[in-house]
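K.L.:
Sharing a structure here in structure tokens format.
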2 protein chains.
Amino acid sequence: MHYLYIKAMEEKVRHLLSQKDLKVTRVRLLVLGLLLQNRAAMSHAEISSIIGEDNIDKVTLYRTLNAFVEKGLAHKVATEDRNWLYAVYEENHETHTSEDHAHFVCDECEKIYCFPVDQTSFEITTQKKQGFKIRSREVRLHGLCPICN
Amino acid sequence: MHYLYIKAMEEKVRHLLSQKDLKVTRVRLLVLGLLLQNRAAMSHAEISSIIGEDNIDKVTLYRTLNAFVEKGLAHKVATEDRNWLYAVYEENHETHTSEDHAHFVCDECEKIYCFPVDQTSFEITTQKKQGFKIRSREVRLHGLCPICN
DNA sequence: ACAAATAATGCAACTGAGTTGCAATTAGGA
DNA sequence: TCCTAATTGCAACTCAGTTGCATTATTTGT
Ligand SMILES: [Mn+2]
Ligand SMILES: [Mn+2]
Ligand SMILES: [Zn+2]
Ligand SMILES: [Zn+2]
């Protein structure tokens with residue numbers, strides 16, 4: 001399993017959890033560690049199969065992921081085929097911590113990556129339309145990820 | 001019910017259906033007529049409740065909507081809460097016929113509207129990132145719709 | 001206008017991701 | 001170490017969406 005890896009970053013994960021008032025548990029260490037080491041966002045099914053269905057109850061995993069989202073440790077992205085993918089907010093990833101990011105969807109492997117985006121330059125591209133008041137923008141980029149490219 | 005309205009645009013709907021090799025049936029006339037008169041995209045539940053659950057079987061409605069999508073008469077948008085909304089491709093709506101459009105999500109009523117977008121000016125805002133090859137962009141705008149504004 | 005061929009419909013049964021309730025276990029502070 | 005509240009795991013449940021199939025409606029050719 002991933003105990004070796006998790007051992008190495010365990011301190012960091014422990015810190016992230018306590019920082020958000022989440023008790024440090026076996027399940028949370030496993031899941032957050034896994035999310036941190038994965039660059040692409042992950043689904044419940046994916047996480048479940050990697051960690052092993054015998055090692056985490058499915059309900060606990062749902063609740064764990066929700067807890068991460070509620071505490072602002074992670075966020076979830078709804079895919080086109082209505083799956084949920086989870087990604088941690090983490091500065092090491094070339095991702096983000098803020099809301100100002102786009103999602104990159106690989107046409108080949110269908111993985112989703114978080115992506116920073118220049119919000120201000122984006123604003124000018126979408127002008128107001130009659131009656132509609134635009135408050136914020138959300139971008140989804142499609143193409144090929146580094147692995148499939 | 002909507003028979004009055006549908007009677008008026010019935011010819012148009014019939015034409016759209018046959019054009020796409022779809023047989024003209026009571027259910028399809030009702031559903032396509034309703035989609036055409038609604039500016040915002042609609043969910044299965046919404047359509048079902050407007051037309052009346054006694055008037056259309058839920059399975060038939062699922063199959064009807066799928067048929068519209070497969071034949072290119074309509075497209076579906078997955079919402080953030082993982083519902084599917086359906087909207088016809090229709091030039092009367094200030095919407096679109098092509099793929100070059102954004103979706104506007106009202107923060108207040110949560111309705112989704114199709115929206116044309118200037119694709120070329122958008123391209124310059126998102127520059128390539130190391131390894132990622134961007135092929136297309138998808139925009140989601142959040143704000144207030146004309147009704148809620 | 002009629003009949004045959006083919007597609008659409010409606011119903012019942014099923015599927016499976018996600019939820020709820022609750023009792024047993026565990027983390028963390030006193 | 002002990003206490004309390006949070007977390008976990010299991011079983012039961014929910015409900016949107018699917019599947020199979022017998023019935024019905026549409027289209028096309030005569
Ligand atoms: Mn993201
Ligand atoms: Mn649209
Ligand atoms: Zn890829
Ligand atoms: Zn609105």
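Ordering of the structure tokens sets the chain letters (A, B, ...), residue numbers begin anew at 1 in every chain, and ligands are numbered from 1 in the order given.
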Enumerate as a PyMOL selection string the residues within 8 Å of ligand 1, counting only C-alpha atoms (C1' of nucleotides) and all ligand atoms.

P.N.:
chain A and resi 41+75-77+87+89+95-96+99+101-103+113-115

K.L.:
Show me, as a ChimeraX atom specification, every residue of chain B with an atom at most 9 Å from chain C, counting only C-alpha atoms (C1' of nucleotides).

P.N.:
/B:23,25,56-57,59-60

K.L.:
Those same residues, written as an mmCIF file, in the first residue's frame with N, CA and C atoms?

P.N.:
```cif
data_model
loop_
_atom_site.group_PDB
_atom_site.id
_atom_site.type_symbol
_atom_site.label_atom_id
_atom_site.label_comp_id
_atom_site.auth_asym_id
_atom_site.auth_seq_id
_atom_site.Cartn_x
_atom_site.Cartn_y
_atom_site.Cartn_z
ATOM 1 N N LYS B 23 -39.548 10.090 -35.723
ATOM 2 C CA LYS B 23 -40.982 10.009 -36.000
ATOM 3 C C LYS B 23 -41.729 11.026 -35.164
ATOM 4 N N THR B 25 -44.367 12.065 -32.884
ATOM 5 C CA THR B 25 -45.263 11.433 -31.917
ATOM 6 C C THR B 25 -45.777 12.473 -30.930
ATOM 7 N N ILE B 56 -46.779 11.860 -19.475
ATOM 8 C CA ILE B 56 -45.605 11.217 -20.070
ATOM 9 C C ILE B 56 -44.970 10.262 -19.066
ATOM 10 N N ASP B 57 -44.711 9.077 -19.506
ATOM 11 C CA ASP B 57 -43.962 8.109 -18.708
ATOM 12 C C ASP B 57 -42.533 8.607 -18.539
ATOM 13 N N VAL B 59 -39.708 7.010 -18.259
ATOM 14 C CA VAL B 59 -38.752 6.328 -19.134
ATOM 15 C C VAL B 59 -38.819 6.909 -20.544
ATOM 16 N N THR B 60 -40.032 7.104 -21.023
ATOM 17 C CA THR B 60 -40.209 7.669 -22.350
ATOM 18 C C THR B 60 -39.568 9.048 -22.433
#
```

K.L.:
Show me, as a VMD selection string, the residues of chain A whose atoms get within 8 Å of chain B, using only C-alpha atoms for the distance check.

P.N.:
chain A and resid 77 to 83 117 to 118 121 to 122 125 to 126 130 to 146 149

K.L.:
Please produce a file of those selected residues containing N, CA and C atoms, as an mmCIF file, in the first residue's frame.

P.N.:
```
data_model
loop_
_atom_site.group_PDB
_atom_site.id
_atom_site.type_symbol
_atom_site.label_atom_id
_atom_site.label_comp_id
_atom_site.auth_asym_id
_atom_site.auth_seq_id
_atom_site.Cartn_x
_atom_site.Cartn_y
_atom_site.Cartn_z
ATOM 1 N N VAL A 77 -15.095 18.844 -8.331
ATOM 2 C CA VAL A 77 -15.460 19.262 -9.677
ATOM 3 C C VAL A 77 -16.426 18.240 -10.236
ATOM 4 N N ALA A 78 -17.555 18.713 -10.739
ATOM 5 C CA ALA A 78 -18.505 17.807 -11.380
ATOM 6 C C ALA A 78 -18.088 17.619 -12.832
ATOM 7 N N THR A 79 -17.937 16.379 -13.262
ATOM 8 C CA THR A 79 -17.527 16.129 -14.642
ATOM 9 C C THR A 79 -18.741 16.131 -15.556
ATOM 10 N N GLU A 80 -18.449 16.077 -16.832
ATOM 11 C CA GLU A 80 -19.502 16.094 -17.848
ATOM 12 C C GLU A 80 -20.423 14.888 -17.697
ATOM 13 N N ASP A 81 -19.867 13.776 -17.285
ATOM 14 C CA ASP A 81 -20.685 12.581 -17.086
ATOM 15 C C ASP A 81 -21.120 12.455 -15.621
ATOM 16 N N ARG A 82 -21.172 13.562 -14.968
ATOM 17 C CA ARG A 82 -21.749 13.681 -13.642
ATOM 18 C C ARG A 82 -21.119 12.763 -12.600
ATOM 19 N N ASN A 83 -19.825 12.788 -12.607
ATOM 20 C CA ASN A 83 -19.065 12.165 -11.542
ATOM 21 C C ASN A 83 -18.482 13.318 -10.725
ATOM 22 N N VAL A 117 -5.479 30.628 -13.827
ATOM 23 C CA VAL A 117 -5.902 31.387 -15.003
ATOM 24 C C VAL A 117 -5.890 32.879 -14.677
ATOM 25 N N ASP A 118 -5.512 33.662 -15.679
ATOM 26 C CA ASP A 118 -5.458 35.104 -15.494
ATOM 27 C C ASP A 118 -6.865 35.675 -15.565
ATOM 28 N N SER A 121 -7.603 39.295 -17.431
ATOM 29 C CA SER A 121 -7.578 39.319 -18.889
ATOM 30 C C SER A 121 -8.765 38.546 -19.446
ATOM 31 N N PHE A 122 -9.288 37.666 -18.628
ATOM 32 C CA PHE A 122 -10.423 36.890 -19.069
ATOM 33 C C PHE A 122 -11.699 37.711 -19.064
ATOM 34 N N THR A 125 -13.001 39.369 -22.226
ATOM 35 C CA THR A 125 -13.457 38.571 -23.362
ATOM 36 C C THR A 125 -14.956 38.322 -23.350
ATOM 37 N N THR A 126 -15.551 38.363 -22.185
ATOM 38 C CA THR A 126 -16.991 38.117 -22.113
ATOM 39 C C THR A 126 -17.712 39.385 -21.703
ATOM 40 N N GLN A 130 -27.557 41.610 -22.947
ATOM 41 C CA GLN A 130 -28.740 42.327 -22.478
ATOM 42 C C GLN A 130 -29.434 41.627 -21.304
ATOM 43 N N GLY A 131 -29.462 42.317 -20.169
ATOM 44 C CA GLY A 131 -30.184 41.796 -19.010
ATOM 45 C C GLY A 131 -29.378 40.902 -18.097
ATOM 46 N N PHE A 132 -28.352 40.253 -18.619
ATOM 47 C CA PHE A 132 -27.568 39.343 -17.794
ATOM 48 C C PHE A 132 -26.445 40.093 -17.085
ATOM 49 N N LYS A 133 -26.337 39.861 -15.789
ATOM 50 C CA LYS A 133 -25.270 40.506 -15.026
ATOM 51 C C LYS A 133 -24.246 39.445 -14.641
ATOM 52 N N ILE A 134 -23.082 39.515 -15.262
ATOM 53 C CA ILE A 134 -22.048 38.517 -15.021
ATOM 54 C C ILE A 134 -21.235 38.865 -13.775
ATOM 55 N N ARG A 135 -21.164 37.931 -12.863
ATOM 56 C CA ARG A 135 -20.425 38.149 -11.620
ATOM 57 C C ARG A 135 -19.089 37.414 -11.624
ATOM 58 N N SER A 136 -19.086 36.192 -12.126
ATOM 59 C CA SER A 136 -17.835 35.443 -12.139
ATOM 60 C C SER A 136 -17.798 34.494 -13.326
ATOM 61 N N ARG A 137 -16.610 34.006 -13.625
ATOM 62 C CA ARG A 137 -16.422 33.157 -14.783
ATOM 63 C C ARG A 137 -15.763 31.858 -14.358
ATOM 64 N N GLU A 138 -16.051 30.851 -15.112
ATOM 65 C CA GLU A 138 -15.508 29.541 -14.808
ATOM 66 C C GLU A 138 -15.027 28.984 -16.143
ATOM 67 N N VAL A 139 -13.832 28.465 -16.166
ATOM 68 C CA VAL A 139 -13.264 28.017 -17.438
ATOM 69 C C VAL A 139 -12.977 26.534 -17.391
ATOM 70 N N ARG A 140 -13.297 25.878 -18.475
ATOM 71 C CA ARG A 140 -12.900 24.481 -18.596
ATOM 72 C C ARG A 140 -12.130 24.331 -19.901
ATOM 73 N N LEU A 141 -10.911 23.842 -19.790
ATOM 74 C CA LEU A 141 -10.060 23.686 -20.964
ATOM 75 C C LEU A 141 -10.003 22.223 -21.351
ATOM 76 N N HIS A 142 -10.133 21.947 -22.624
ATOM 77 C CA HIS A 142 -10.035 20.574 -23.113
ATOM 78 C C HIS A 142 -8.797 20.432 -23.979
ATOM 79 N N GLY A 143 -8.177 19.262 -23.905
ATOM 80 C CA GLY A 143 -6.981 19.037 -24.718
ATOM 81 C C GLY A 143 -6.249 17.782 -24.293
ATOM 82 N N LEU A 144 -4.935 17.837 -24.358
ATOM 83 C CA LEU A 144 -4.133 16.677 -23.987
ATOM 84 C C LEU A 144 -3.244 17.010 -22.799
ATOM 85 N N CYS A 145 -3.263 16.122 -21.795
ATOM 86 C CA CYS A 145 -2.432 16.322 -20.620
ATOM 87 C C CYS A 145 -0.984 15.934 -20.946
ATOM 88 N N PRO A 146 -0.045 16.297 -20.079
ATOM 89 C CA PRO A 146 1.371 16.015 -20.351
ATOM 90 C C PRO A 146 1.641 14.536 -20.634
ATOM 91 N N ASN A 149 0.073 13.745 -24.121
ATOM 92 C CA ASN A 149 0.507 14.648 -25.203
ATOM 93 C C ASN A 149 1.713 14.080 -25.957
#
```

K.L.:
Assign secondary structure with DSSP using the backbone only, and return the residues of region 27-66 of chain A in helix (DSSP H, G or I) as a PDB file with N, CA and C atoms, in the first residue's frame.

P.N.:
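And here's out_21.pdb as it stands now:
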```pdb
ATOM      1  N   VAL A  27      -7.935   6.896   8.253  1.00  0.00           N
ATOM      2  CA  VAL A  27      -8.575   7.125   6.955  1.00  0.00           C
ATOM      3  C   VAL A  27      -8.174   8.465   6.366  1.00  0.00           C
ATOM      4  N   ARG A  28      -8.210   9.490   7.178  1.00  0.00           N
ATOM      5  CA  ARG A  28      -7.899  10.825   6.662  1.00  0.00           C
ATOM      6  C   ARG A  28      -6.451  10.940   6.236  1.00  0.00           C
ATOM      7  N   LEU A  29      -5.558  10.292   6.958  1.00  0.00           N
ATOM      8  CA  LEU A  29      -4.150  10.303   6.557  1.00  0.00           C
ATOM      9  C   LEU A  29      -3.988   9.651   5.189  1.00  0.00           C
ATOM     10  N   LEU A  30      -4.644   8.525   5.029  1.00  0.00           N
ATOM     11  CA  LEU A  30      -4.551   7.810   3.757  1.00  0.00           C
ATOM     12  C   LEU A  30      -5.087   8.644   2.602  1.00  0.00           C
ATOM     13  N   VAL A  31      -6.307   9.158   2.777  1.00  0.00           N
ATOM     14  CA  VAL A  31      -6.982   9.856   1.670  1.00  0.00           C
ATOM     15  C   VAL A  31      -6.292  11.170   1.341  1.00  0.00           C
ATOM     16  N   LEU A  32      -5.998  11.957   2.363  1.00  0.00           N
ATOM     17  CA  LEU A  32      -5.367  13.247   2.086  1.00  0.00           C
ATOM     18  C   LEU A  32      -3.972  13.054   1.511  1.00  0.00           C
ATOM     19  N   GLY A  33      -3.258  12.059   2.020  1.00  0.00           N
ATOM     20  CA  GLY A  33      -1.942  11.755   1.471  1.00  0.00           C
ATOM     21  C   GLY A  33      -2.022  11.400  -0.002  1.00  0.00           C
ATOM     22  N   LEU A  34      -3.009  10.605  -0.335  1.00  0.00           N
ATOM     23  CA  LEU A  34      -3.189  10.187  -1.718  1.00  0.00           C
ATOM     24  C   LEU A  34      -3.543  11.373  -2.611  1.00  0.00           C
ATOM     25  N   LEU A  35      -4.473  12.204  -2.133  1.00  0.00           N
ATOM     26  CA  LEU A  35      -4.866  13.377  -2.919  1.00  0.00           C
ATOM     27  C   LEU A  35      -3.683  14.311  -3.130  1.00  0.00           C
ATOM     28  N   LEU A  36      -2.836  14.417  -2.120  1.00  0.00           N
ATOM     29  CA  LEU A  36      -1.696  15.330  -2.225  1.00  0.00           C
ATOM     30  C   LEU A  36      -0.668  14.845  -3.229  1.00  0.00           C
ATOM     31  N   GLN A  37      -0.518  13.539  -3.322  1.00  0.00           N
ATOM     32  CA  GLN A  37       0.504  13.044  -4.237  1.00  0.00           C
ATOM     33  C   GLN A  37       0.001  12.933  -5.671  1.00  0.00           C
ATOM     34  N   HIS A  44     -14.303   9.239  -6.109  1.00  0.00           N
ATOM     35  CA  HIS A  44     -14.520   8.309  -4.996  1.00  0.00           C
ATOM     36  C   HIS A  44     -14.097   6.900  -5.395  1.00  0.00           C
ATOM     37  N   ALA A  45     -14.527   6.479  -6.571  1.00  0.00           N
ATOM     38  CA  ALA A  45     -14.238   5.124  -7.049  1.00  0.00           C
ATOM     39  C   ALA A  45     -12.741   4.901  -7.206  1.00  0.00           C
ATOM     40  N   GLU A  46     -12.075   5.910  -7.772  1.00  0.00           N
ATOM     41  CA  GLU A  46     -10.638   5.827  -8.003  1.00  0.00           C
ATOM     42  C   GLU A  46      -9.884   5.705  -6.685  1.00  0.00           C
ATOM     43  N   ILE A  47     -10.207   6.580  -5.766  1.00  0.00           N
ATOM     44  CA  ILE A  47      -9.554   6.556  -4.452  1.00  0.00           C
ATOM     45  C   ILE A  47      -9.811   5.223  -3.775  1.00  0.00           C
ATOM     46  N   SER A  48     -11.057   4.809  -3.828  1.00  0.00           N
ATOM     47  CA  SER A  48     -11.470   3.567  -3.189  1.00  0.00           C
ATOM     48  C   SER A  48     -10.685   2.376  -3.716  1.00  0.00           C
ATOM     49  N   SER A  49     -10.509   2.342  -5.044  1.00  0.00           N
ATOM     50  CA  SER A  49      -9.825   1.180  -5.618  1.00  0.00           C
ATOM     51  C   SER A  49      -8.323   1.232  -5.369  1.00  0.00           C
ATOM     52  N   ILE A  50      -7.764   2.415  -5.308  1.00  0.00           N
ATOM     53  CA  ILE A  50      -6.327   2.528  -5.041  1.00  0.00           C
ATOM     54  C   ILE A  50      -6.006   2.148  -3.602  1.00  0.00           C
ATOM     55  N   ILE A  51      -6.771   2.711  -2.682  1.00  0.00           N
ATOM     56  CA  ILE A  51      -6.513   2.412  -1.268  1.00  0.00           C
ATOM     57  C   ILE A  51      -6.950   0.992  -0.931  1.00  0.00           C
ATOM     58  N   LYS A  58     -16.978   2.563   2.175  1.00  0.00           N
ATOM     59  CA  LYS A  58     -17.371   3.555   1.171  1.00  0.00           C
ATOM     60  C   LYS A  58     -18.051   4.766   1.789  1.00  0.00           C
ATOM     61  N   VAL A  59     -18.858   4.524   2.821  1.00  0.00           N
ATOM     62  CA  VAL A  59     -19.534   5.647   3.483  1.00  0.00           C
ATOM     63  C   VAL A  59     -18.527   6.572   4.138  1.00  0.00           C
ATOM     64  N   THR A  60     -17.565   5.981   4.793  1.00  0.00           N
ATOM     65  CA  THR A  60     -16.526   6.775   5.454  1.00  0.00           C
ATOM     66  C   THR A  60     -15.769   7.612   4.440  1.00  0.00           C
ATOM     67  N   LEU A  61     -15.523   7.027   3.283  1.00  0.00           N
ATOM     68  CA  LEU A  61     -14.813   7.781   2.253  1.00  0.00           C
ATOM     69  C   LEU A  61     -15.649   8.961   1.765  1.00  0.00           C
ATOM     70  N   TYR A  62     -16.945   8.737   1.541  1.00  0.00           N
ATOM     71  CA  TYR A  62     -17.826   9.854   1.169  1.00  0.00           C
ATOM     72  C   TYR A  62     -17.749  10.952   2.217  1.00  0.00           C
ATOM     73  N   ARG A  63     -17.854  10.545   3.482  1.00  0.00           N
ATOM     74  CA  ARG A  63     -17.864  11.543   4.549  1.00  0.00           C
ATOM     75  C   ARG A  63     -16.517  12.233   4.681  1.00  0.00           C
ATOM     76  N   THR A  64     -15.464  11.496   4.461  1.00  0.00           N
ATOM     77  CA  THR A  64     -14.123  12.069   4.525  1.00  0.00           C
ATOM     78  C   THR A  64     -13.947  13.147   3.454  1.00  0.00           C
ATOM     79  N   LEU A  65     -14.329  12.808   2.241  1.00  0.00           N
ATOM     80  CA  LEU A  65     -14.191  13.759   1.145  1.00  0.00           C
ATOM     81  C   LEU A  65     -15.054  14.989   1.386  1.00  0.00           C
ATOM     82  N   ASN A  66     -16.267  14.782   1.857  1.00  0.00           N
ATOM     83  CA  ASN A  66     -17.125  15.924   2.161  1.00  0.00           C
ATOM     84  C   ASN A  66     -16.519  16.812   3.242  1.00  0.00           C
TER      85      ASN A  66
END
```

K.L.:
Write down, as number ranges by chain, each residue of chain D that has any atom within 9 Å of an atom of chain B, counting only C-alpha atoms (C1' of nucleotides).

P.N.:
D: 17-18, 25-27

K.L.:
Between CA of Ala74 (chain A) and C1' of DT4 (chain D), what distance in Å does the model show, to one decimal?

P.N.:
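A separation of 28.5 Å between them.
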
K.L.:
Among region 16-133 of chain A, which residues does DSSP mark as strand (DSSP E or B) when it is run on the backbone? Keep the chain and numbering as in the structure and answer as number ranges by chain.

P.N.:
A: 40, 42-43, 74-78, 84-88, 90, 96, 101-106, 112-116, 133
